[in-house]
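Text of the file structure-v6.csv, holding CSV, C-alpha atoms and all ligand atoms:
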```csv
chain,number,residue,atom,x,y,z
A,417,MET,CA,0.0,0.0,0.0
A,418,ASP,CA,2.5,2.4,-1.4
A,419,ASP,CA,2.3,5.5,0.9
A,420,TYR,CA,0.0,4.3,3.7
A,421,PRO,CA,1.8,4.7,7.1
A,422,GLY,CA,-0.3,1.9,8.7
A,423,PRO,CA,0.9,-0.1,11.7
A,424,VAL,CA,0.3,-3.5,10.3
A,425,PRO,CA,3.2,-5.1,8.3
A,426,GLY,CA,1.2,-7.9,6.6
A,427,THR,CA,-2.3,-9.1,6.2
A,428,ARG,CA,-3.1,-12.8,6.8
A,429,ILE,CA,-6.0,-14.7,5.1
A,430,ILE,CA,-7.5,-17.6,7.0
A,431,HIS,CA,-10.1,-20.0,5.6
A,432,ALA,CA,-13.4,-20.4,7.3
A,433,GLN,CA,-15.0,-23.2,5.3
A,434,ASP,CA,-16.0,-26.6,6.6
A,435,ASP,CA,-13.5,-27.9,9.2
A,436,ASP,CA,-11.7,-24.6,9.4
A,437,MET,CA,-14.8,-22.6,10.4
A,438,LYS,CA,-14.6,-23.0,14.1
A,439,SER,CA,-11.0,-22.0,14.6
A,440,ALA,CA,-11.4,-19.1,12.1
A,441,VAL,CA,-14.4,-17.8,14.0
A,442,ARG,CA,-12.5,-18.0,17.3
A,443,GLU,CA,-9.5,-16.3,16.0
A,444,ALA,CA,-11.5,-13.4,14.4
A,445,ALA,CA,-13.6,-13.0,17.6
A,446,ALA,CA,-10.4,-12.9,19.8
A,447,LEU,CA,-8.9,-10.2,17.6
A,448,LEU,CA,-12.1,-8.1,17.7
A,449,ALA,CA,-12.3,-8.5,21.5
A,450,SER,CA,-8.7,-7.2,21.7
A,451,GLY,CA,-9.7,-4.0,19.9
A,452,GLU,CA,-8.4,-5.0,16.5
A,453,ILE,CA,-10.2,-4.9,13.1
A,454,VAL,CA,-10.8,-7.9,10.9
A,455,ALA,CA,-12.3,-8.3,7.4
A,456,VAL,CA,-15.2,-10.8,7.5
A,457,PRO,CA,-17.7,-12.2,5.0
A,458,THR,CA,-21.4,-11.3,5.0
A,459,GLU,CA,-24.0,-12.5,2.6
A,460,THR,CA,-23.9,-9.1,0.8
A,461,VAL,CA,-20.2,-8.0,0.6
A,462,TYR,CA,-17.1,-8.4,2.8
A,463,GLY,CA,-17.2,-6.1,5.9
A,464,LEU,CA,-14.4,-4.5,7.9
A,465,ALA,CA,-15.4,-5.4,11.4
A,466,ALA,CA,-14.8,-3.8,14.8
A,467,ASP,CA,-16.4,-4.1,18.3
A,468,ALA,CA,-19.2,-1.6,17.9
A,469,PHE,CA,-18.8,-0.5,21.6
A,470,ASN,CA,-15.1,0.2,21.3
A,471,ALA,CA,-14.6,3.7,19.8
A,472,GLU,CA,-10.8,3.1,19.4
A,473,ALA,CA,-11.4,0.0,17.4
A,474,VAL,CA,-14.0,1.8,15.3
A,475,ALA,CA,-11.5,4.6,14.7
A,476,LYS,CA,-9.1,2.0,13.1
A,477,VAL,CA,-11.9,1.1,10.6
A,478,TYR,CA,-12.1,4.7,9.4
A,479,GLU,CA,-8.3,4.9,9.2
A,480,ALA,CA,-7.8,1.7,7.3
A,481,LYS,CA,-10.6,2.7,4.8
A,482,GLU,CA,-9.5,6.3,4.6
A,483,ARG,CA,-13.2,6.9,5.3
A,484,PRO,CA,-14.2,10.4,6.2
A,485,SER,CA,-15.7,10.5,9.7
A,486,PHE,CA,-19.0,12.0,8.5
A,487,ASP,CA,-19.9,8.6,6.9
A,488,PRO,CA,-21.6,6.4,9.5
A,489,LEU,CA,-21.1,2.7,9.8
A,490,ILE,CA,-23.7,-0.2,9.9
A,491,VAL,CA,-23.9,-2.1,13.2
A,492,HIS,CA,-24.6,-5.8,13.0
A,493,ILE,CA,-26.3,-7.6,15.8
A,494,ALA,CA,-25.9,-11.3,16.5
A,495,SER,CA,-29.3,-11.9,18.0
A,496,ALA,CA,-32.6,-10.1,18.4
A,497,ARG,CA,-31.7,-9.6,22.1
A,498,GLN,CA,-28.8,-7.3,21.1
A,499,LEU,CA,-31.1,-4.9,19.3
A,500,GLU,CA,-32.0,-3.0,22.5
A,501,ASP,CA,-28.3,-2.6,23.3
A,502,VAL,CA,-27.8,-0.6,20.1
A,503,ALA,CA,-31.2,1.0,19.2
A,504,THR,CA,-34.5,2.0,20.5
A,505,ILE,CA,-37.7,1.0,18.8
A,506,PRO,CA,-40.1,4.0,18.3
A,507,ALA,CA,-43.6,2.8,19.6
A,508,GLU,CA,-45.5,4.3,16.7
A,509,VAL,CA,-43.7,2.1,14.1
A,510,GLU,CA,-43.0,-0.9,16.3
A,511,PRO,CA,-45.5,-3.3,14.8
A,512,THR,CA,-44.2,-2.6,11.3
A,513,LEU,CA,-40.5,-2.8,12.4
A,514,ARG,CA,-41.2,-6.1,14.1
A,515,LYS,CA,-42.9,-7.6,11.0
A,516,LEU,CA,-40.1,-6.5,8.8
A,517,MET,CA,-37.5,-7.9,11.1
A,518,ALA,CA,-39.4,-11.2,11.3
A,519,ALA,CA,-39.6,-11.4,7.6
A,520,PHE,CA,-36.1,-10.3,6.6
A,521,TRP,CA,-33.7,-11.0,9.5
A,522,PRO,CA,-31.2,-12.4,9.5
A,523,GLY,CA,-30.6,-10.9,6.0
A,524,PRO,CA,-29.7,-8.0,3.8
A,525,LEU,CA,-32.1,-5.4,5.3
A,526,THR,CA,-30.7,-2.5,7.4
A,527,PHE,CA,-32.9,-0.3,9.6
A,528,VAL,CA,-32.1,3.3,10.6
A,529,LEU,CA,-33.3,3.7,14.2
A,530,PRO,CA,-32.6,6.0,17.2
A,531,LYS,CA,-29.3,5.0,18.8
A,532,THR,CA,-28.6,4.1,22.4
A,533,ASP,CA,-25.9,5.7,24.5
A,534,ARG,CA,-23.8,2.6,24.3
A,535,ILE,CA,-23.1,3.2,20.6
A,536,PRO,CA,-20.1,5.6,20.3
A,537,ASP,CA,-20.8,8.8,18.3
A,538,LEU,CA,-18.0,7.8,16.0
A,539,VAL,CA,-20.0,4.8,14.8
A,540,THR,CA,-22.9,7.1,13.7
A,541,SER,CA,-20.8,10.1,12.8
A,542,GLY,CA,-22.6,12.1,15.5
A,543,HIS,CA,-26.1,11.3,14.2
A,544,PRO,CA,-28.7,10.4,16.7
A,545,THR,CA,-29.6,7.4,14.6
A,546,VAL,CA,-27.8,4.1,14.0
A,547,ALA,CA,-28.1,1.7,11.0
A,548,VAL,CA,-28.7,-1.8,12.2
A,549,ARG,CA,-28.9,-5.2,10.6
A,550,GLN,CA,-28.5,-8.9,11.4
A,551,SER,CA,-26.3,-10.8,8.9
A,552,ALA,CA,-27.4,-14.2,7.6
A,553,HIS,CA,-23.8,-15.4,6.9
A,554,LYS,CA,-23.0,-18.3,9.1
A,555,VAL,CA,-19.4,-17.3,9.6
A,556,PHE,CA,-20.3,-13.7,10.4
A,557,ARG,CA,-23.0,-14.9,12.8
A,558,GLY,CA,-20.5,-17.2,14.5
A,559,ILE,CA,-18.1,-14.4,15.1
A,560,GLY,CA,-20.8,-12.1,16.5
A,561,LYS,CA,-22.0,-14.8,18.9
A,562,GLU,CA,-18.5,-15.7,20.0
A,563,LEU,CA,-17.7,-12.0,20.6
A,564,GLY,CA,-21.0,-11.4,22.4
A,565,ARG,CA,-21.1,-7.8,21.3
A,566,PRO,CA,-22.5,-6.0,18.2
A,567,ILE,CA,-20.1,-5.5,15.3
A,568,ALA,CA,-19.7,-2.3,13.4
A,569,ALA,CA,-18.8,-3.1,9.8
A,570,PRO,CA,-18.8,-1.0,6.7
A,571,SER,CA,-17.8,-2.7,3.4
A,572,ALA,CA,-14.1,-3.7,3.4
A,573,ASN,CA,-13.0,-1.4,0.6
A,574,ARG,CA,-11.1,1.9,0.6
A,575,PHE,CA,-13.5,4.9,0.7
A,576,GLY,CA,-15.4,5.5,-2.6
A,577,ARG,CA,-14.1,2.3,-4.2
A,578,ILE,CA,-15.7,-1.0,-5.3
A,579,SER,CA,-17.1,-3.1,-2.4
A,580,PRO,CA,-15.3,-6.5,-2.2
A,581,THR,CA,-17.2,-9.7,-2.8
A,582,SER,CA,-14.2,-12.1,-2.2
A,583,ALA,CA,-11.2,-12.3,0.1
A,584,SER,CA,-8.8,-11.6,-2.7
A,585,ALA,CA,-10.7,-8.3,-3.5
A,586,VAL,CA,-10.4,-7.3,0.2
A,587,MET,CA,-6.7,-8.1,-0.1
A,588,LYS,CA,-6.4,-5.7,-3.0
A,589,GLU,CA,-8.1,-3.0,-1.0
A,590,LEU,CA,-6.6,-3.4,2.4
A,591,ASP,CA,-3.4,-5.4,2.3
A,592,GLY,CA,-1.0,-4.1,4.9
A,593,ARG,CA,-3.7,-2.1,6.7
A,594,ILE,CA,-5.5,-4.8,8.7
A,595,PRO,CA,-4.1,-7.9,10.4
A,596,LEU,CA,-6.6,-10.5,9.2
A,597,ILE,CA,-9.1,-11.5,6.5
A,598,VAL,CA,-11.5,-14.3,7.1
A,599,ASP,CA,-12.1,-16.1,3.7
A,600,ALA,CA,-15.5,-17.9,3.3
A,601,GLY,CA,-15.6,-17.7,-0.5
A,602,ALA,CA,-17.8,-15.4,-2.7
A,603,CYS,CA,-20.7,-13.5,-1.2
A,604,ARG,CA,-24.2,-14.8,-1.9
A,605,ASP,CA,-25.8,-11.5,-2.9
A,606,GLY,CA,-22.9,-9.4,-4.1
A,607,LEU,CA,-24.6,-6.0,-3.4
A,608,GLU,CA,-24.8,-4.1,-0.1
A,609,SER,CA,-27.9,-4.4,2.1
A,610,THR,CA,-31.1,-2.4,1.4
A,611,ILE,CA,-31.2,0.5,4.0
A,612,ILE,CA,-34.6,1.7,5.1
A,613,ARG,CA,-36.2,4.2,7.6
A,614,VAL,CA,-39.8,3.5,8.7
A,615,GLU,CA,-42.2,6.3,9.5
A,616,PRO,CA,-45.8,6.3,10.7
A,617,GLY,CA,-47.3,7.8,7.6
A,618,GLU,CA,-50.9,9.1,7.4
A,619,LYS,CA,-52.8,6.0,6.5
A,620,ARG,CA,-50.2,3.4,6.1
A,621,PRO,CA,-46.6,3.1,7.5
A,622,GLU,CA,-44.0,4.6,5.2
A,623,ILE,CA,-40.9,2.7,4.3
A,624,HIS,CA,-38.2,5.0,2.9
A,625,ILE,CA,-35.5,3.2,0.9
A,626,LEU,CA,-32.3,5.1,1.6
A,627,ARG,CA,-30.1,2.6,-0.4
A,628,PRO,CA,-31.6,0.1,-2.8
A,629,GLY,CA,-30.3,-3.5,-2.3
A,630,PRO,CA,-31.1,-7.2,-2.3
A,631,VAL,CA,-34.4,-6.7,-0.5
A,632,THR,CA,-36.5,-5.0,-3.3
A,633,LYS,CA,-39.2,-2.3,-3.3
A,634,LYS,CA,-41.7,-5.0,-4.3
A,635,GLU,CA,-40.9,-7.2,-1.3
A,636,LEU,CA,-41.2,-4.2,1.1
A,637,GLN,CA,-44.6,-3.1,-0.4
A,638,ASN,CA,-46.4,-5.8,1.6
A,639,PHE,CA,-45.5,-3.9,4.8
A,640,GLY,CA,-46.3,-0.3,3.9
A,641,ARG,CA,-46.0,2.5,1.4
A,642,VAL,CA,-42.6,2.4,-0.1
A,643,ILE,CA,-40.8,5.6,-1.0
A,644,VAL,CA,-37.4,5.6,-2.8
A,645,GLU,CA,-35.3,8.4,-1.4
A,646,LYS,CA,-32.9,10.4,-3.5
A,647,LYS,CA,-31.0,11.5,-0.4
A,648,ARG,CA,-29.6,8.9,2.0
A,649,LEU,CA,-29.4,10.7,5.3
A,650,ILE,CA,-31.9,13.4,6.3
A,651,ASP,CA,-30.6,16.6,7.8
A,652,ALA,CA,-27.0,15.9,6.7
A,653,PRO,CA,-26.2,17.7,3.5
A,654,GLU,CA,-22.6,16.4,3.5
A,655,ALA,CA,-23.7,12.7,3.9
A,656,PRO,CA,-22.7,9.8,1.7
A,657,GLY,CA,-25.7,9.9,-0.6
A,658,GLN,CA,-24.6,13.3,-1.7
A,659,LEU,CA,-21.3,12.0,-2.9
A,660,ALA,CA,-21.7,11.6,-6.7
A,661,SER,CA,-18.9,9.1,-7.0
A,662,HIS,CA,-19.1,5.9,-5.0
A,663,TYR,CA,-18.3,2.3,-5.8
A,664,ALA,CA,-16.0,3.7,-8.4
A,665,PRO,CA,-13.4,1.9,-10.5
A,666,ARG,CA,-10.3,3.9,-11.3
A,667,THR,CA,-11.1,3.7,-15.0
A,668,PRO,CA,-13.8,6.1,-16.0
A,669,LEU,CA,-17.1,4.3,-16.4
A,670,LEU,CA,-19.6,5.7,-19.0
A,671,MET,CA,-23.4,5.0,-19.3
A,672,PHE,CA,-25.6,6.2,-22.1
A,673,ASP,CA,-29.4,6.5,-22.4
A,674,LYS,CA,-29.2,4.7,-25.7
A,675,PRO,CA,-26.4,2.8,-27.4
A,676,GLU,CA,-26.2,5.3,-30.3
A,677,ASP,CA,-25.1,8.1,-27.9
A,678,PHE,CA,-21.7,6.4,-27.6
A,679,GLN,CA,-19.1,8.3,-29.6
A,680,PRO,CA,-15.8,6.6,-29.2
A,681,GLU,CA,-12.6,8.7,-29.3
A,682,PRO,CA,-10.1,7.3,-31.9
A,683,GLY,CA,-7.2,5.4,-30.4
A,684,LYS,CA,-8.8,4.7,-27.0
A,685,ARG,CA,-9.4,1.3,-25.5
A,686,TYR,CA,-13.0,0.7,-24.5
A,687,GLY,CA,-14.3,-2.2,-22.6
A,688,LEU,CA,-18.0,-3.2,-22.4
A,689,LEU,CA,-19.7,-4.2,-19.2
A,690,SER,CA,-22.5,-6.1,-20.8
A,691,TYR,CA,-25.6,-7.4,-19.2
A,692,LYS,CA,-25.9,-10.7,-21.0
A,693,GLU,CA,-23.8,-10.3,-24.1
A,694,ASP,CA,-27.0,-9.9,-26.1
A,695,PRO,CA,-26.3,-8.5,-29.6
A,696,LYS,CA,-30.0,-7.4,-29.7
A,697,ALA,CA,-29.4,-4.9,-26.9
A,698,GLY,CA,-27.3,-2.9,-29.3
A,699,TYR,CA,-24.1,-2.6,-27.4
A,700,LEU,CA,-22.1,-5.7,-28.4
A,701,LYS,CA,-21.9,-4.8,-32.1
A,702,LEU,CA,-21.6,-1.1,-31.5
A,703,HIS,CA,-17.8,-1.1,-31.3
A,704,ASP,CA,-14.8,-3.3,-31.5
A,705,TRP,CA,-14.5,-3.6,-27.8
A,706,ALA,CA,-11.0,-4.4,-26.3
A,707,VAL,CA,-12.8,-6.5,-23.6
A,708,VAL,CA,-16.3,-7.6,-23.0
A,709,GLU,CA,-17.4,-8.9,-19.6
A,710,ALA,CA,-21.0,-10.0,-19.0
A,711,LEU,CA,-22.8,-9.7,-15.7
A,712,SER,CA,-25.1,-12.6,-16.5
A,713,PRO,CA,-23.7,-14.5,-19.4
A,714,GLY,CA,-26.4,-16.1,-21.5
A,715,SER,CA,-29.2,-16.3,-19.0
A,716,GLY,CA,-29.6,-12.6,-18.3
A,717,LYS,CA,-30.8,-13.1,-14.7
A,718,LEU,CA,-30.7,-10.2,-12.3
A,719,PRO,CA,-29.6,-12.1,-9.2
A,720,GLU,CA,-26.6,-13.5,-11.1
A,721,ALA,CA,-25.8,-10.0,-12.4
A,722,ALA,CA,-26.0,-8.6,-8.8
A,723,VAL,CA,-23.6,-11.2,-7.5
A,724,ARG,CA,-21.1,-10.6,-10.3
A,725,LEU,CA,-21.3,-6.8,-10.6
A,726,PHE,CA,-18.5,-5.7,-8.3
A,727,HIS,CA,-16.3,-8.6,-9.5
A,728,VAL,CA,-16.8,-7.7,-13.2
A,729,MET,CA,-16.1,-4.0,-12.4
A,730,ARG,CA,-12.8,-5.0,-10.8
A,731,VAL,CA,-11.8,-7.2,-13.8
A,732,LEU,CA,-12.5,-4.4,-16.2
A,733,ASP,CA,-10.7,-1.9,-14.0
A,734,GLU,CA,-7.6,-4.1,-14.1
A,735,ALA,CA,-7.7,-4.5,-17.9
A,736,GLY,CA,-5.8,-1.4,-18.8
A,737,LEU,CA,-8.7,0.3,-20.5
A,738,ASP,CA,-9.2,4.0,-21.1
A,739,PHE,CA,-13.0,3.7,-20.6
A,740,ILE,CA,-15.5,1.2,-19.4
A,741,VAL,CA,-19.0,1.5,-21.1
A,742,ALA,CA,-21.8,0.0,-19.0
A,743,GLU,CA,-24.9,-1.3,-20.6
A,744,PRO,CA,-27.9,-0.4,-18.4
A,745,VAL,CA,-30.0,-3.2,-16.9
A,746,SER,CA,-33.8,-2.9,-16.4
A,747,ASP,CA,-34.5,-0.5,-13.5
A,748,THR,CA,-36.9,-2.8,-11.7
A,749,GLY,CA,-36.6,-5.2,-8.8
A,750,LEU,CA,-33.0,-6.1,-8.1
A,751,GLY,CA,-32.1,-4.1,-11.2
A,752,GLN,CA,-32.8,-0.9,-9.2
A,753,ALA,CA,-29.9,-1.7,-6.9
A,754,ILE,CA,-27.6,-2.6,-9.8
A,755,MET,CA,-28.5,0.6,-11.6
A,756,ASP,CA,-27.9,2.6,-8.4
A,757,ARG,CA,-24.4,1.2,-8.1
A,758,LEU,CA,-23.7,1.7,-11.9
A,759,ARG,CA,-24.9,5.4,-11.7
A,760,ARG,CA,-22.7,6.0,-8.7
A,761,ALA,CA,-19.7,4.4,-10.4
A,762,SER,CA,-20.1,6.4,-13.6
A,763,THR,CA,-18.3,9.6,-14.5
A,764,ASP,CA,-20.7,12.3,-15.7
A,801,LIG,O1,-24.5,-5.1,3.2
A,801,LIG,C1,-24.1,-4.1,3.9
A,801,LIG,O2,-24.8,-3.2,4.3
A,801,LIG,C2,-22.5,-4.1,4.1
A,801,LIG,C3,-22.2,-5.3,5.0
A,801,LIG,C4,-20.7,-5.3,5.4
A,801,LIG,O3,-23.0,-5.4,6.1
A,801,LIG,N1,-22.2,-2.9,4.8
A,801,LIG,C5,-22.1,-1.7,4.1
A,801,LIG,O4,-21.7,-0.7,4.9
A,801,LIG,O5,-22.5,-1.6,3.0
A,801,LIG,P1,-21.2,0.7,4.3
A,801,LIG,O6,-20.5,1.5,5.4
A,801,LIG,O7,-20.3,0.5,3.1
A,801,LIG,O8,-22.4,1.5,3.9
A,801,LIG,C6,-23.2,1.9,5.0
A,801,LIG,C7,-24.0,3.1,4.6
A,801,LIG,C8,-23.3,4.4,4.8
A,801,LIG,O9,-22.6,4.8,3.7
A,801,LIG,C9,-24.5,5.3,5.1
A,801,LIG,O10,-25.0,5.8,3.9
A,801,LIG,C10,-25.6,4.4,5.7
A,801,LIG,O11,-25.1,3.1,5.6
A,801,LIG,N2,-25.8,4.8,7.0
A,801,LIG,C11,-25.1,4.4,8.1
A,801,LIG,N3,-25.6,4.9,9.2
A,801,LIG,C12,-26.7,5.6,8.8
A,801,LIG,C13,-27.7,6.4,9.5
A,801,LIG,N4,-27.7,6.6,10.8
A,801,LIG,N5,-28.6,7.0,8.8
A,801,LIG,C14,-28.7,6.8,7.4
A,801,LIG,N6,-27.8,6.1,6.7
A,801,LIG,C15,-26.8,5.5,7.4
A,802,MG,MG,-19.4,0.8,1.4
```
Written form, structure tokens:
Amino acid sequence: MDDYPGPVPGTRIIHAQDDDMKSAVREAAALLASGEIVAVPTETVYGLAADAFNAEAVAKVYEAKERPSFDPLIVHIASARQLEDVATIPAEVEPTLRKLMAAFWPGPLTFVLPKTDRIPDLVTSGHPTVAVRQSAHKVFRGIGKELGRPIAAPSANRFGRISPTSASAVMKELDGRIPLIVDAGACRDGLESTIIRVEPGEKRPEIHILRPGPVTKKELQNFGRVIVEKKRLIDAPEAPGQLASHYAPRTPLLMFDKPEDFQPEPGKRYGLLSYKEDPKAGYLKLHDWAVVEALSPGSGKLPEAAVRLFHVMRVLDEAGLDFIVAEPVSDTGLGQAIMDRLRRASTD
């Protein structure tokens, strides 16, 4: 990590599959208990974990990620019992919250709730609210149970960069900055959790989507009126949702309303981030691409595209291109979360 003055000489990877799981879980939990930070798998993306009650450990997360301290972290609870340690449940929305938690936890749904005093201000960037979820990943859950305390964990990438969906991707982001990566293979969902805030509403409860993700608008509609927010944090103009560039590869990524809008500059190398390598979509035959990578080769299924998105973005970023052109996917269901990440990755 060229110029990073971090305290850690080398980053170790340990495996947490099958027979190795128990010892990996114990080692990760012991490091967390000692105030260290560890990269751990979740069902969405790899997270960079710290004991959520330990402000010094949480500070190391911000430092390793070079994350500005105005960008709050997600707190992961290991059991429903831990919820009251980190957040309070407003009475007026309690029935809706409980129903949503019963339906989607453990899983990729994060709730923004009033925080308790036990959560250090650094975790929430001084906000009175905390983002909480319960991960469904068995290794993550094992570590949380062994630690016996909630875990603060943002995605394990450097700030503004692509979220890692494998241990090797974490290594590329954080080698030399953290002591340990727990490797449990590729993440199931591949996109960060859906973040919501629930409000009483006039007739029906309102579910505000602050970040689209694996739990879709349609799934949430059974529980209230769903509103997709443009801004992620209320009352915080400098908050992450305002940052135009997020999840960004180093190579400029371009998106067009229609394929014909693409006007290549002569002599430049362009790569195509294709949805399913479908010539009918108009992009494949548009140009003599230096590289083509498909999100969902052949089948064109959104879940597969979501799982592969960040991986494919990394592959293209490492291909020595001048530009990446991303073919849009349909902006519905899981496609909303994919399009959200593509728009934030694009340079315009
Ligand atoms: O799937 C996920 O959510 C992954 C895994 C590791 O759990 N985590 C993740 O964390 O994506 P991170 O830090 O990369 O994104 C968390 C985002 C922040 O950027 C912020 O926008 C939002 O959560 N957030 C955190 N606290 C918030 C709060 N109090 N109010 C509104 N948004 C909040
Ligand atoms: Mg992130």
>> Using only C-alpha atoms, which protein or nucleic acid residues come within 7 Å of range 427-438 of chain A? Drop anything in the same chain fewer than 4 positions from it, and give the result as number ranges by chain.
In response: A: 442, 591-592, 594-600
>> Using only C-alpha atoms for the distances, tell me which of A:Ala547, A:Ala552, A:Leu489, A:Val614 is nearest to Phe520 in chain A.
In response: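 Ranked by minimum distance to Phe520 in chain A, first place goes to A:Ala552.
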>> List as a list in words the protein and nucleic acid residues lying within 8 Å of ligand MG 802 (chain A), with only C-alpha atoms and all ligand atoms counted.
In response: Pro570, Ser571, Ala572, Asn573, Phe575, Gly576, Arg577, Ile578, Ser579, Glu608 and Tyr663 of chain A
>> Please report the interatomic distance between CA of Phe527 in chain A and CA of Asp756 in chain A in Å with one decimal.
In response: 18.9 Å
>> Just want the 7 Å neighbourhood of range 732-748 of chain A, counted on all atoms listed in the file, with same-chain residues fewer than 3 positions away dropped. Output as a list in words.
In response: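 Listed by chain and then number, they are Pro665, Arg666, Thr667, Pro668, Leu669, Leu670, Met671, Lys684, Arg685, Tyr686, Gly687, Leu688, Leu689, Ser690, Tyr691, Tyr699, Val728, Met729, Gly751, Gln752 and Met755 of chain A.
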> Which of these, A:Leu711, A:Ala761, A:Ala585, A:Val644, has the shortest distance to Gly629 in chain A once you count all atoms listed in the file?
Replying inline: A:Val644
> How many Å separate CA of Ile612 in chain A from CA of Arg497 in chain A?
Replying inline: 20.6 Å
>> For a quick check of understanding, using all atoms listed in the file, which of A:Val539, A:Ala494, A:Val441, A:Leu513 has the smallest distance to ligand LIG 801 (chain A)?
In response: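 The answer is A:Val539, which sits nearest to ligand LIG 801 (chain A).
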>> Applying 8 Å and only C-alpha atoms, which residues near Ala722 in chain A remain after dropping the ones on its own chain fewer than 6 positions away? List them as a ChimeraX atom specification.
In response: /A:605-607,711,750-751,754
Export, as an mmCIF file, keeping the file's coordinate frame, the selected residues with C-alpha atoms.
```cif
data_model
loop_
_atom_site.group_PDB
_atom_site.id
_atom_site.type_symbol
_atom_site.label_atom_id
_atom_site.label_comp_id
_atom_site.auth_asym_id
_atom_site.auth_seq_id
_atom_site.Cartn_x
_atom_site.Cartn_y
_atom_site.Cartn_z
ATOM 1 C CA ASP A 605 -25.800 -11.500 -2.900
ATOM 2 C CA GLY A 606 -22.900 -9.400 -4.100
ATOM 3 C CA LEU A 607 -24.600 -6.000 -3.400
ATOM 4 C CA LEU A 711 -22.800 -9.700 -15.700
ATOM 5 C CA LEU A 750 -33.000 -6.100 -8.100
ATOM 6 C CA GLY A 751 -32.100 -4.100 -11.200
ATOM 7 C CA ILE A 754 -27.600 -2.600 -9.800
#
```
>> Which residues are close to range 557-563 of chain A, i.e. within 12 Å by only C-alpha atoms, leaving aside same-chain residues fewer than 6 positions away? Reply as a PyMOL selection string.
In response: chain A and resi 432+437-451+454-459+465-469+491-498+521-523+549-551+569+598
> Hey, can you pull every residue with an atom no more than 10 Å from (-7.1, 4.4, 6.1), using all atoms listed in the file, and send it as a VMD selection string?
Replying inline: chain A and resid 420 to 422 475 to 484 573 to 575 590 593 to 594
Box centre and edge lengths (Å, one decimal), axis-aligned, ligand LIG 801 (chain A) plus 5 Å each side, as AutoDock Vina command-line options:
```
--center_x -24.5 --center_y 0.8 --center_z 6.9 --size_x 18.4 --size_y 22.4 --size_z 17.8
```
> Looking at all atoms listed in the file, which of A:Leu529, A:Cys603, A:Val474, A:Val509 is the one that sits closest to ligand LIG 801 (chain A)?
Replying inline: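 Checking each candidate against ligand LIG 801 (chain A), we get A:Leu529 as the closest.
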> Which residue gives the smallest distance to Ile611 in chain A among A:Glu645, A:Glu693, A:Glu720, A:Glu510, with all atoms listed in the file counted?
Replying inline: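 Of A:Glu645, A:Glu693, A:Glu720, A:Glu510, the one nearest Ile611 in chain A, counting all atoms listed in the file, is A:Glu645.
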>> When you count only C-alpha atoms and all ligand atoms, which of these residues is closest to ligand LIG 801 (chain A): A:Pro628, A:Pro616, A:Pro511, A:Pro695?
In response: A:Pro628
> So how many Å separate CA of Gln637 in chain A and CA of Glu622 in chain A, to one decimal?
Replying inline: 9.5 Å
